[in-house]
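S.K.: work.csv is reproduced below (CSV, C-alpha atoms).
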chain,number,residue,atom,x,y,z
A,1,MET,CA,53.4,-74.7,131.3
A,2,ARG,CA,53.8,-71.0,131.6
A,3,SER,CA,56.8,-71.3,133.9
A,4,ASN,CA,58.5,-73.7,131.6
A,5,LEU,CA,57.8,-71.5,128.6
A,6,ASN,CA,59.3,-68.5,130.4
A,7,LEU,CA,62.5,-70.3,131.1
A,8,LYS,CA,62.8,-71.3,127.5
A,9,MET,CA,62.2,-67.8,126.4
A,10,LEU,CA,64.9,-66.5,128.7
A,11,GLU,CA,67.4,-69.0,127.3
A,12,ILE,CA,66.7,-67.9,123.7
A,13,THR,CA,68.5,-64.6,123.3
A,14,SER,CA,71.4,-65.1,120.9
A,15,SER,CA,69.8,-64.4,117.5
A,16,ASN,CA,66.8,-63.2,115.6
A,17,SER,CA,65.7,-66.7,114.8
A,18,SER,CA,65.8,-67.5,118.5
A,19,ILE,CA,63.5,-64.6,119.2
A,20,TYR,CA,61.1,-65.8,116.6
A,21,ALA,CA,61.1,-69.2,118.2
A,22,ALA,CA,60.2,-67.8,121.6
A,23,PHE,CA,57.4,-65.8,120.1
A,24,PHE,CA,56.1,-68.9,118.3
A,25,LEU,CA,56.1,-70.9,121.6
A,26,GLY,CA,54.2,-68.2,123.4
A,27,PHE,CA,51.7,-68.1,120.6
A,28,LEU,CA,51.1,-71.8,120.8
A,29,ALA,CA,50.6,-71.7,124.5
A,30,TYR,CA,48.0,-68.9,124.1
A,31,THR,CA,46.0,-70.6,121.4
A,32,SER,CA,46.0,-74.0,123.1
A,33,ALA,CA,44.5,-72.5,126.2
A,34,PHE,CA,41.4,-71.4,124.3
A,35,ALA,CA,41.1,-74.4,121.9
A,36,VAL,CA,39.5,-72.6,119.0
A,37,ILE,CA,39.5,-72.9,115.2
A,38,PRO,CA,40.3,-69.6,113.7
A,39,THR,CA,38.3,-68.3,110.8
A,40,ARG,CA,39.5,-69.8,107.6
A,41,ARG,CA,38.3,-70.4,104.0
A,42,HIS,CA,37.0,-73.9,103.3
A,43,SER,CA,36.1,-75.4,100.0
A,44,ALA,CA,33.9,-73.4,97.6
A,45,ALA,CA,31.1,-75.8,98.5
A,46,PHE,CA,31.2,-75.0,102.2
A,47,GLY,CA,31.9,-71.3,102.2
A,48,ARG,CA,33.3,-70.1,105.6
A,49,ILE,CA,33.8,-72.1,108.8
A,50,SER,CA,32.3,-70.5,111.9
A,51,HIS,CA,34.5,-67.8,113.5
A,52,THR,CA,36.6,-69.2,116.4
A,53,THR,CA,34.5,-72.3,116.8
A,54,ARG,CA,35.2,-73.8,120.2
A,55,LEU,CA,35.9,-77.5,120.1
A,56,HIS,CA,36.2,-78.2,123.8
A,57,ALA,CA,33.7,-75.8,125.3
A,58,GLY,CA,30.6,-77.5,126.7
A,59,VAL,CA,27.2,-76.4,125.5
A,60,ALA,CA,24.6,-75.3,128.0
A,61,SER,CA,22.0,-77.8,128.9
A,62,THR,CA,18.6,-77.6,127.2
A,63,PRO,CA,16.0,-75.5,129.1
A,64,VAL,CA,13.6,-77.7,130.9
A,65,GLU,CA,10.6,-76.0,129.3
A,66,ASN,CA,11.9,-77.0,125.9
A,67,VAL,CA,11.6,-80.7,126.6
A,68,ILE,CA,8.3,-82.5,126.2
A,69,VAL,CA,8.0,-86.2,127.2
A,70,LEU,CA,5.0,-88.1,126.0
A,71,LYS,CA,3.9,-91.7,126.5
A,72,ASP,CA,4.9,-93.4,123.3
A,73,ASP,CA,5.5,-93.1,119.6
A,74,VAL,CA,1.7,-92.7,118.9
A,75,GLU,CA,1.5,-89.7,121.1
A,76,VAL,CA,4.7,-88.2,119.8
A,77,SER,CA,3.5,-88.6,116.1
A,78,ALA,CA,0.2,-87.0,116.9
A,79,ALA,CA,1.9,-84.1,118.6
A,80,ILE,CA,4.2,-83.5,115.6
A,81,ARG,CA,1.2,-83.4,113.2
A,82,LYS,CA,-0.6,-80.9,115.5
A,83,ILE,CA,2.5,-78.7,115.6
A,84,LEU,CA,2.6,-78.9,111.8
A,85,ALA,CA,-1.0,-78.0,111.3
A,86,ASP,CA,-0.8,-75.1,113.9
A,87,ALA,CA,2.4,-73.7,112.4
A,88,ALA,CA,0.9,-73.8,108.9
A,89,SER,CA,-2.3,-72.0,110.0
A,90,GLU,CA,-0.2,-69.3,111.8
A,91,ALA,CA,2.2,-68.8,108.9
A,92,ILE,CA,-0.5,-68.5,106.3
A,93,LYS,CA,-2.5,-66.1,108.4
A,94,ASP,CA,0.7,-64.0,109.0
A,95,HIS,CA,2.2,-63.8,105.6
A,96,GLY,CA,0.2,-66.0,103.2
A,97,TYR,CA,2.5,-68.9,102.8
A,98,PHE,CA,4.0,-71.8,104.9
A,99,ALA,CA,7.7,-72.8,104.6
A,100,LEU,CA,8.4,-76.2,105.9
A,101,ALA,CA,11.7,-78.2,106.2
A,102,ILE,CA,11.5,-81.9,106.7
A,103,PRO,CA,14.2,-84.6,107.1
A,104,GLY,CA,14.4,-88.2,106.1
A,105,GLY,CA,14.2,-91.1,108.5
A,106,SER,CA,11.6,-91.8,111.2
A,107,ILE,CA,9.9,-88.4,111.1
A,108,LEU,CA,8.4,-89.2,107.7
A,109,LYS,CA,6.2,-91.8,109.3
A,110,MET,CA,5.1,-89.4,111.9
A,111,LEU,CA,3.6,-87.1,109.2
A,112,VAL,CA,1.2,-89.8,108.1
A,113,GLY,CA,-2.4,-89.2,109.2
A,114,GLU,CA,-5.8,-87.8,108.0
A,115,ASP,CA,-5.8,-85.4,110.9
A,116,VAL,CA,-3.1,-83.2,109.2
A,117,LEU,CA,-4.8,-82.8,105.8
A,118,GLY,CA,-6.2,-79.5,104.9
A,119,ASP,CA,-6.1,-76.5,102.5
A,120,TRP,CA,-2.8,-75.3,104.0
A,121,THR,CA,-1.0,-77.6,101.6
A,122,THR,CA,-1.9,-75.4,98.6
A,123,LYS,CA,0.2,-72.6,100.1
A,124,THR,CA,3.1,-74.7,101.4
A,125,THR,CA,6.7,-75.0,100.1
A,126,ILE,CA,8.7,-78.0,101.4
A,127,VAL,CA,12.5,-78.1,101.5
A,128,TYR,CA,14.4,-81.3,102.5
A,129,VAL,CA,16.7,-80.9,105.5
A,130,ASN,CA,18.9,-83.6,104.0
A,131,HIS,CA,18.7,-86.0,101.0
A,132,LYS,CA,20.8,-88.5,99.3
A,133,CYS,CA,22.0,-87.6,95.8
A,134,VAL,CA,20.0,-90.2,93.9
A,135,ASN,CA,17.2,-90.5,91.4
A,136,MET,CA,14.1,-89.0,92.9
A,137,ASP,CA,12.1,-92.1,92.1
A,138,ASP,CA,14.4,-94.4,94.0
A,139,LEU,CA,12.1,-95.9,96.7
A,140,GLU,CA,15.0,-97.4,98.6
A,141,LEU,CA,17.2,-94.3,98.9
A,142,SER,CA,15.2,-91.2,98.0
A,143,THR,CA,13.5,-89.4,100.8
A,144,HIS,CA,11.3,-87.7,98.3
A,145,ALA,CA,10.1,-91.0,96.9
A,146,LYS,CA,9.4,-92.3,100.4
A,147,ALA,CA,7.6,-89.1,101.4
A,148,ARG,CA,5.4,-89.3,98.2
A,149,LYS,CA,4.4,-92.8,99.1
A,150,LEU,CA,3.7,-92.1,102.7
A,151,PHE,CA,1.9,-88.8,102.6
A,152,LEU,CA,3.1,-86.2,100.1
A,153,ASP,CA,0.8,-87.3,97.2
A,154,LYS,CA,-2.1,-86.5,99.6
A,155,TRP,CA,-0.8,-83.1,100.4
A,156,ILE,CA,-2.4,-81.5,97.4
A,157,GLY,CA,-0.7,-78.4,95.9
A,158,CYS,CA,2.5,-78.5,97.8
A,159,ASN,CA,5.5,-77.0,96.1
A,160,THR,CA,8.4,-79.4,97.0
A,161,LEU,CA,12.0,-78.5,96.1
A,162,ILE,CA,13.7,-81.7,94.8
A,163,LEU,CA,17.2,-82.6,93.7
A,164,ASP,CA,18.2,-83.0,90.1
A,165,GLY,CA,18.7,-86.7,90.6
A,166,THR,CA,22.5,-87.0,90.0
A,167,ASP,CA,25.2,-88.5,92.2
A,168,ASP,CA,27.3,-85.3,92.1
A,169,GLY,CA,27.2,-84.0,95.7
A,170,ASP,CA,28.8,-80.6,95.0
A,171,SER,CA,26.6,-79.9,92.0
A,172,GLU,CA,23.4,-81.0,93.8
A,173,ALA,CA,24.2,-78.9,96.9
A,174,SER,CA,24.9,-75.8,94.8
A,175,ALA,CA,21.8,-76.3,92.6
A,176,TYR,CA,19.5,-76.9,95.7
A,177,GLU,CA,20.7,-73.7,97.3
A,178,ASP,CA,20.0,-71.9,94.1
A,179,LYS,CA,16.5,-73.2,94.1
A,180,MET,CA,16.0,-72.0,97.7
A,181,ARG,CA,17.4,-68.6,96.9
A,182,ALA,CA,15.1,-68.3,93.9
A,183,LEU,CA,12.1,-68.5,96.2
A,184,SER,CA,10.5,-65.1,96.9
A,185,GLU,CA,10.6,-63.7,100.5
A,186,ASP,CA,6.9,-64.1,100.6
A,187,VAL,CA,7.3,-67.9,100.2
A,188,LEU,CA,10.6,-68.3,102.2
A,189,PRO,CA,11.2,-65.2,104.4
A,190,ARG,CA,14.7,-64.0,105.1
A,191,ASP,CA,16.2,-62.8,108.4
A,192,GLY,CA,16.7,-59.0,108.3
A,193,ALA,CA,20.0,-59.2,110.1
A,194,SER,CA,21.7,-62.3,108.6
A,195,SER,CA,19.8,-62.7,105.3
A,196,LEU,CA,19.4,-66.4,106.2
A,197,PRO,CA,16.1,-68.1,105.2
A,198,VAL,CA,13.5,-68.4,108.0
A,199,PHE,CA,11.4,-71.5,107.7
A,200,ASP,CA,8.1,-71.3,109.6
A,201,LEU,CA,8.8,-74.9,110.9
A,202,ALA,CA,11.9,-77.1,110.7
A,203,LEU,CA,11.3,-80.7,111.8
A,204,ILE,CA,14.6,-82.5,112.7
A,205,GLY,CA,15.5,-86.0,113.5
A,206,VAL,CA,18.5,-87.0,115.5
A,207,GLY,CA,20.7,-90.1,115.2
A,208,ASP,CA,22.2,-92.1,118.1
A,209,ASP,CA,25.6,-90.6,117.1
A,210,GLY,CA,24.1,-87.1,117.3
A,211,HIS,CA,23.8,-86.3,113.6
A,212,VAL,CA,21.1,-83.9,112.5
A,213,GLY,CA,20.3,-83.7,108.9
A,214,SER,CA,23.5,-85.1,107.4
A,215,LEU,CA,25.7,-83.2,109.8
A,216,TYR,CA,27.8,-85.9,111.5
A,217,PRO,CA,30.2,-85.8,114.4
A,218,GLY,CA,33.9,-85.3,113.8
A,219,ARG,CA,33.3,-83.6,110.4
A,220,GLU,CA,33.8,-80.0,109.3
A,221,GLU,CA,30.3,-79.5,107.8
A,222,VAL,CA,28.8,-79.0,111.3
A,223,LEU,CA,31.2,-76.0,111.8
A,224,VAL,CA,30.0,-74.0,108.8
A,225,GLY,CA,28.7,-70.7,110.1
A,226,ASP,CA,25.9,-68.3,109.1
A,227,ASP,CA,28.2,-66.7,106.5
A,228,GLY,CA,28.7,-70.0,104.7
A,229,ALA,CA,26.7,-72.0,102.3
A,230,TRP,CA,23.1,-72.8,103.0
A,231,VAL,CA,23.3,-76.3,101.6
A,232,LEU,CA,26.4,-78.5,102.0
A,233,PRO,CA,27.5,-81.7,100.2
A,234,VAL,CA,28.4,-84.6,102.5
A,235,ALA,CA,30.6,-87.2,100.8
A,236,MET,CA,30.9,-89.7,103.6
A,237,LYS,CA,30.0,-92.6,101.3
A,238,HIS,CA,28.5,-93.2,97.8
A,239,PRO,CA,26.1,-91.9,96.9
A,240,PRO,CA,26.8,-88.6,98.7
A,241,SER,CA,24.1,-86.5,100.4
A,242,ILE,CA,23.2,-82.8,100.8
A,243,THR,CA,22.2,-81.2,104.0
A,244,LEU,CA,21.1,-77.8,105.3
A,245,SER,CA,23.8,-76.1,107.4
A,246,LEU,CA,23.2,-75.9,111.2
A,247,PRO,CA,22.6,-72.1,111.1
A,248,ILE,CA,19.8,-72.7,108.5
A,249,MET,CA,18.2,-75.4,110.7
A,250,ALA,CA,18.4,-73.2,113.8
A,251,ASN,CA,17.1,-70.1,112.1
A,252,ALA,CA,13.6,-71.5,111.6
A,253,LYS,CA,10.8,-69.7,113.5
A,254,LYS,CA,10.1,-73.0,115.2
A,255,VAL,CA,12.5,-76.0,115.4
A,256,VAL,CA,11.2,-79.3,116.6
A,257,VAL,CA,13.4,-82.4,117.3
A,258,ALA,CA,11.5,-85.6,117.7
A,259,ALA,CA,12.7,-89.0,118.9
A,260,CYS,CA,10.6,-92.0,119.8
A,261,GLY,CA,10.1,-95.8,119.2
A,262,VAL,CA,11.5,-98.9,120.8
A,263,SER,CA,12.5,-102.3,119.4
A,264,ASP,CA,13.7,-105.7,120.7
A,265,LYS,CA,17.3,-104.6,120.0
A,266,TYR,CA,16.8,-101.1,121.6
A,267,PRO,CA,14.2,-101.6,124.4
A,268,GLN,CA,15.0,-98.1,125.7
A,269,GLY,CA,14.8,-96.5,122.3
A,270,LYS,CA,17.1,-93.5,121.8
A,271,SER,CA,17.6,-92.9,125.5
A,272,ALA,CA,21.4,-92.7,125.4
A,273,GLY,CA,21.4,-90.4,122.5
A,274,MET,CA,18.8,-88.1,124.0
A,275,ARG,CA,20.7,-87.8,127.2
A,276,ARG,CA,23.7,-86.7,125.2
A,277,ALA,CA,21.6,-84.4,123.1
A,278,VAL,CA,19.7,-82.7,125.8
A,279,ALA,CA,21.5,-82.9,129.2
A,280,ALA,CA,25.2,-84.0,129.0
A,281,ASP,CA,27.6,-81.2,130.0
A,282,ASP,CA,30.6,-82.4,128.1
A,283,GLU,CA,29.3,-82.5,124.5
A,284,THR,CA,30.3,-80.1,121.6
A,285,LEU,CA,29.3,-79.6,118.0
A,286,GLN,CA,32.1,-82.0,117.0
A,287,THR,CA,31.2,-84.8,119.4
A,288,PHE,CA,27.4,-84.6,119.1
A,289,PRO,CA,26.1,-82.1,116.5
A,290,ALA,CA,22.5,-82.1,117.9
A,291,VAL,CA,23.6,-80.0,120.8
A,292,GLY,CA,23.8,-77.1,118.4
A,293,LEU,CA,20.0,-77.0,118.5
A,294,ARG,CA,19.7,-77.1,122.3
A,295,SER,CA,18.8,-73.5,122.9
A,296,LYS,CA,16.4,-73.2,119.9
A,297,ALA,CA,14.6,-76.5,119.5
A,298,THR,CA,11.6,-78.0,121.2
A,299,TRP,CA,12.5,-81.6,122.0
A,300,ILE,CA,9.6,-84.1,121.9
A,301,MET,CA,10.2,-87.7,122.9
A,302,ASP,CA,8.5,-90.7,124.3
A,303,GLN,CA,9.1,-92.0,127.8
A,304,ALA,CA,11.7,-94.6,126.6
A,305,ALA,CA,13.8,-91.9,124.9
A,306,ALA,CA,13.6,-89.7,128.0
A,307,SER,CA,14.4,-92.5,130.4
A,308,LYS,CA,18.1,-91.5,130.9
A,309,LEU,CA,17.6,-87.7,131.0
A,310,GLY,CA,17.5,-87.6,134.8
A,311,SER,CA,16.5,-84.5,136.9
A,312,PRO,CA,15.2,-81.9,136.2
A,313,TYR,CA,13.7,-83.3,133.0
A,314,VAL,CA,12.0,-86.4,134.3
Would you write the structure of this file as C-alpha cells?
M.R.:
Amino acid sequence: MRSNLNLKMLEITSSNSSIYAAFFLGFLAYTSAFAVIPTRRHSAAFGRISHTTRLHAGVASTPVENVIVLKDDVEVSAAIRKILADAASEAIKDHGYFALAIPGGSILKMLVGEDVLGDWTTKTTIVYVNHKCVNMDDLELSTHAKARKLFLDKWIGCNTLILDGTDDGDSEASAYEDKMRALSEDVLPRDGASSLPVFDLALIGVGDDGHVGSLYPGREEVLVGDDGAWVLPVAMKHPPSITLSLPIMANAKKVVVAACGVSDKYPQGKSAGMRRAVAADDETLQTFPAVGLRSKATWIMDQAAASKLGSPYV
C-alpha cells in the first residue's frame, strides 16, 4: 500500500489541489494502519467518547487467578452472597457505609438467601447497573420491582436509588446520574484522580452476546470514556434503558462477573459466551463488551459455563 501511495504522490505535482490530494491519501494510510476512533464529542447524553479507542486491537486474556470455577449454580450463588456480605462488612468498617451496584437478570436470584441478611443493610446504598425506563412497580419489566419481590424488602434500611418511572431515556439517565452525584463521598466515595464514583462492590451479569449492563456490541455507548457521562441512555428498543458506563463499572473497588445455570436448550450454559469473555484473543469492546472488564473483574462461573475456556483456566 505504501509503494502504491508513493507512486500516486509523485504523479500529483501540477497544482495546489493535487498536493492536498496527496496529503489526504497519506493521512488515510496512516490512520487506517492504527484503526482508531479519534476523540470526538457525542450527544449531550453521552459526553465524550474514549480517546483513540482501538476497534481492532485484541484485549489481553483474563489473568488465571481472576477466574473461579465452581460446581453449579447453587455454589456460584452462595459464593456471590458471601462476597457481598464480606464486602459490606469491610466497607462499613473502613468508611462507615457500603455502596453496592447490582444489575438485572439472573444475578437477582443469586442474592436470595437468609445467609446474607444482617445489619449491614442499614448502612447500604444500592445503585442499579442498568434498568429499563418503566414504572418502578412493573413486575414484568422493572428490575427494582423484581428485586423487591425477591430480596430487597428483606434488606431492611437500604437506600436504593430508583428511576423516576418515565419512558424518556435521556431524561432518566440524566436524573439518575444527578441522584448519584448528590450522594456524599462518605456514602459513595470518589476516585481522587478521576473523580469517578467508587462502588465498594459491583455485581455484573454478562449476556451471550457480551453485553454488560445495557452496553451492547456494535454500539457507541460502550466506547464512552471516563470523562463522559456516568449514566447513559440506551434506545435500542421501547421502552429504552439506562446503564452505567463501562468506566463506572470497572472503577468499583471489587468487580464480580457471575455466570451459571443450564437448561434443556443450553446444556452447556453460557460456555460459548464465557470463552469469548475470558479467553478469546480476537475480541474488542465493540465485538464483545464484557472484555472491557477482563483485567479488573473476578469471574465466577459454574463448570458448564467454564467448559469451553480451555487451558490454563480448566
S.K.: Return the single residue from A:Asn135, A:Ser142, A:Thr166, A:Thr160 that is closest to A:Leu100, with distances computed using all atoms listed in the file.
M.R.: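 That would be A:Thr160, the residue with the smallest distance to A:Leu100.
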S.K.: In Å to one decimal, how far is atom CA of A:Ser271 from atom CA of A:Ala60?
M.R.: 19.1 Å
S.K.: Counting all atoms listed in the file, which residue out of A:Val116, A:Ala182, A:Val134, A:Ile68 sits closest to A:Leu152?
M.R.: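 Among the listed residues, the smallest separation from A:Leu152 belongs to A:Val116.
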S.K.: Using only C-alpha atoms, can you tell me which of A:Leu285, A:Ala272, A:Met110, A:Arg181 comes closest to A:Leu309?
M.R.: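 Smallest separation from A:Leu309 among the options: A:Ala272.
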S.K.: Kindly give the distance, in Å, that separates atom CA of A:Lys93 and atom CA of A:Asn159, rounded to a single decimal.
M.R.: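 Atom-to-atom, atom CA of A:Lys93 to atom CA of A:Asn159, that is 18.3 Å.
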S.K.: Show which residues sit within 12 Å of A:Pro63, as a PDB file with C-alpha atoms, in the coordinates of the input. Count all atoms listed in the file, and ignore same-chain residues fewer than 6 positions away.
M.R.:
ATOM      1  CA  VAL A 278      19.700 -82.700 125.800  1.00  0.00           C
ATOM      2  CA  ALA A 279      21.500 -82.900 129.200  1.00  0.00           C
ATOM      3  CA  LEU A 293      20.000 -77.000 118.500  1.00  0.00           C
ATOM      4  CA  ARG A 294      19.700 -77.100 122.300  1.00  0.00           C
ATOM      5  CA  SER A 295      18.800 -73.500 122.900  1.00  0.00           C
ATOM      6  CA  LYS A 296      16.400 -73.200 119.900  1.00  0.00           C
ATOM      7  CA  ALA A 297      14.600 -76.500 119.500  1.00  0.00           C
ATOM      8  CA  THR A 298      11.600 -78.000 121.200  1.00  0.00           C
ATOM      9  CA  TRP A 299      12.500 -81.600 122.000  1.00  0.00           C
ATOM     10  CA  SER A 311      16.500 -84.500 136.900  1.00  0.00           C
ATOM     11  CA  PRO A 312      15.200 -81.900 136.200  1.00  0.00           C
ATOM     12  CA  TYR A 313      13.700 -83.300 133.000  1.00  0.00           C
TER      13      TYR A 313
END
S.K.: Could you state the separation of atom CA of A:Lys149 and atom CA of A:Leu183 in Å, given to one decimal place?
M.R.: 25.7 Å
S.K.: Which is closest to A:Asp168 among A:Thr243, A:Arg276, A:Lys132, A:Ser184, if we use only C-alpha atoms?
M.R.: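 Closest to A:Asp168 of all the choices is A:Lys132.
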S.K.: For stretch 94-104 of chain A, I'd like the enclosing box, axis-aligned and padded by 6 Å on every side, reported as AutoDock Vina command-line options with centre and edge lengths in Å to one decimal.
M.R.:
--center_x 7.3 --center_y -76.0 --center_z 105.9 --size_x 26.2 --size_y 36.4 --size_z 18.2
S.K.: With distances taken over only C-alpha atoms, which of A:Ile162, A:Asp191, A:Asp209, A:Ile83 is nearest to A:Val257?
M.R.: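 For A:Val257, the nearest of the given residues is A:Ile83.
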S.K.: Residues around (8.4, -77.1, 109.9), cut-off 6 Å, counting only C-alpha atoms - what are they as a PDB file with C-alpha atoms, in the coordinates of the input?
M.R.:
ATOM      1  CA  LEU A 100       8.400 -76.200 105.900  1.00  0.00           C
ATOM      2  CA  ALA A 101      11.700 -78.200 106.200  1.00  0.00           C
ATOM      3  CA  ASP A 200       8.100 -71.300 109.600  1.00  0.00           C
ATOM      4  CA  LEU A 201       8.800 -74.900 110.900  1.00  0.00           C
ATOM      5  CA  ALA A 202      11.900 -77.100 110.700  1.00  0.00           C
ATOM      6  CA  LEU A 203      11.300 -80.700 111.800  1.00  0.00           C
TER       7      LEU A 203
END
S.K.: Rank A:Gly225, A:Gly207, A:Gly310, A:Gly113 by their smallest atom-to-atom distance to A:Gly273, using all atoms listed in the file, and report the top residue only.
M.R.: A:Gly207
